[in-house]
Amino acid sequence: METEVSKLAGVKSAALSFMTQRLTIEAEDDRADAIVEESRKIAYKIEPEAEFKVLR
């Protein structure tokens with residue numbers, strides 16, 4: 001999941017913590033909404049029960 005998200009245009013970094021079950025993404029502000037949606041699609045393919053909470 002981390003690898004796929006980090007390949008998205010506008011993503012500066014992506015880090016997945018299994019301990020906290022949190023994916024942290026640093027992204028360009030103008031692409032943030034699109035990146036969140038694309039990341040959801042990636043996550044749901046890998047983990048269908050994933051939950052998202054966006055913190056800015």
# chains A, B, ... in the order shown; residues from 1 in each chain; ligands from 1

call {"tool": "residues_around", "arguments": {"residues": "Arg22 (chain A)", "least_positions_apart": "3", "cutoff": "10 Å", "atoms": "only C-alpha atoms", "output": "list in words"}}
result
Ala15, Leu16, Ser17, Phe18, Met19, Ile25, Ala50, Glu51, Phe52 and Lys53 of chain A

call {"tool": "closest_residue", "arguments": {"among": "A:Gln21, A:Asp29, A:Pro48, A:Glu38", "to": "Ser6 (chain A)", "atoms": "only C-alpha atoms"}}
result
A:Glu38

call {"tool": "select_by_dssp", "arguments": {"residues": "region 20-53 of chain A", "states": "strand (DSSP E)", "output": "MDAnalysis selection string"}}
result
chainID A and resid 22:27

call {"tool": "select_by_dssp", "arguments": {"residues": "chain A", "states": "helix (DSSP H, G or I)", "output": "ChimeraX atom specification"}}
result
/A:2-6,29-46

call {"tool": "atom_distance", "arguments": {"atom1": "CA of Ser39 (chain A)", "atom2": "CA of Lys12 (chain A)"}}
result
13.5 Å

call {"tool": "closest_residue", "arguments": {"among": "A:Ile42, A:Glu28, A:Glu47, A:Asp33", "to": "Ala9 (chain A)", "atoms": "only C-alpha atoms"}}
result
A:Glu28
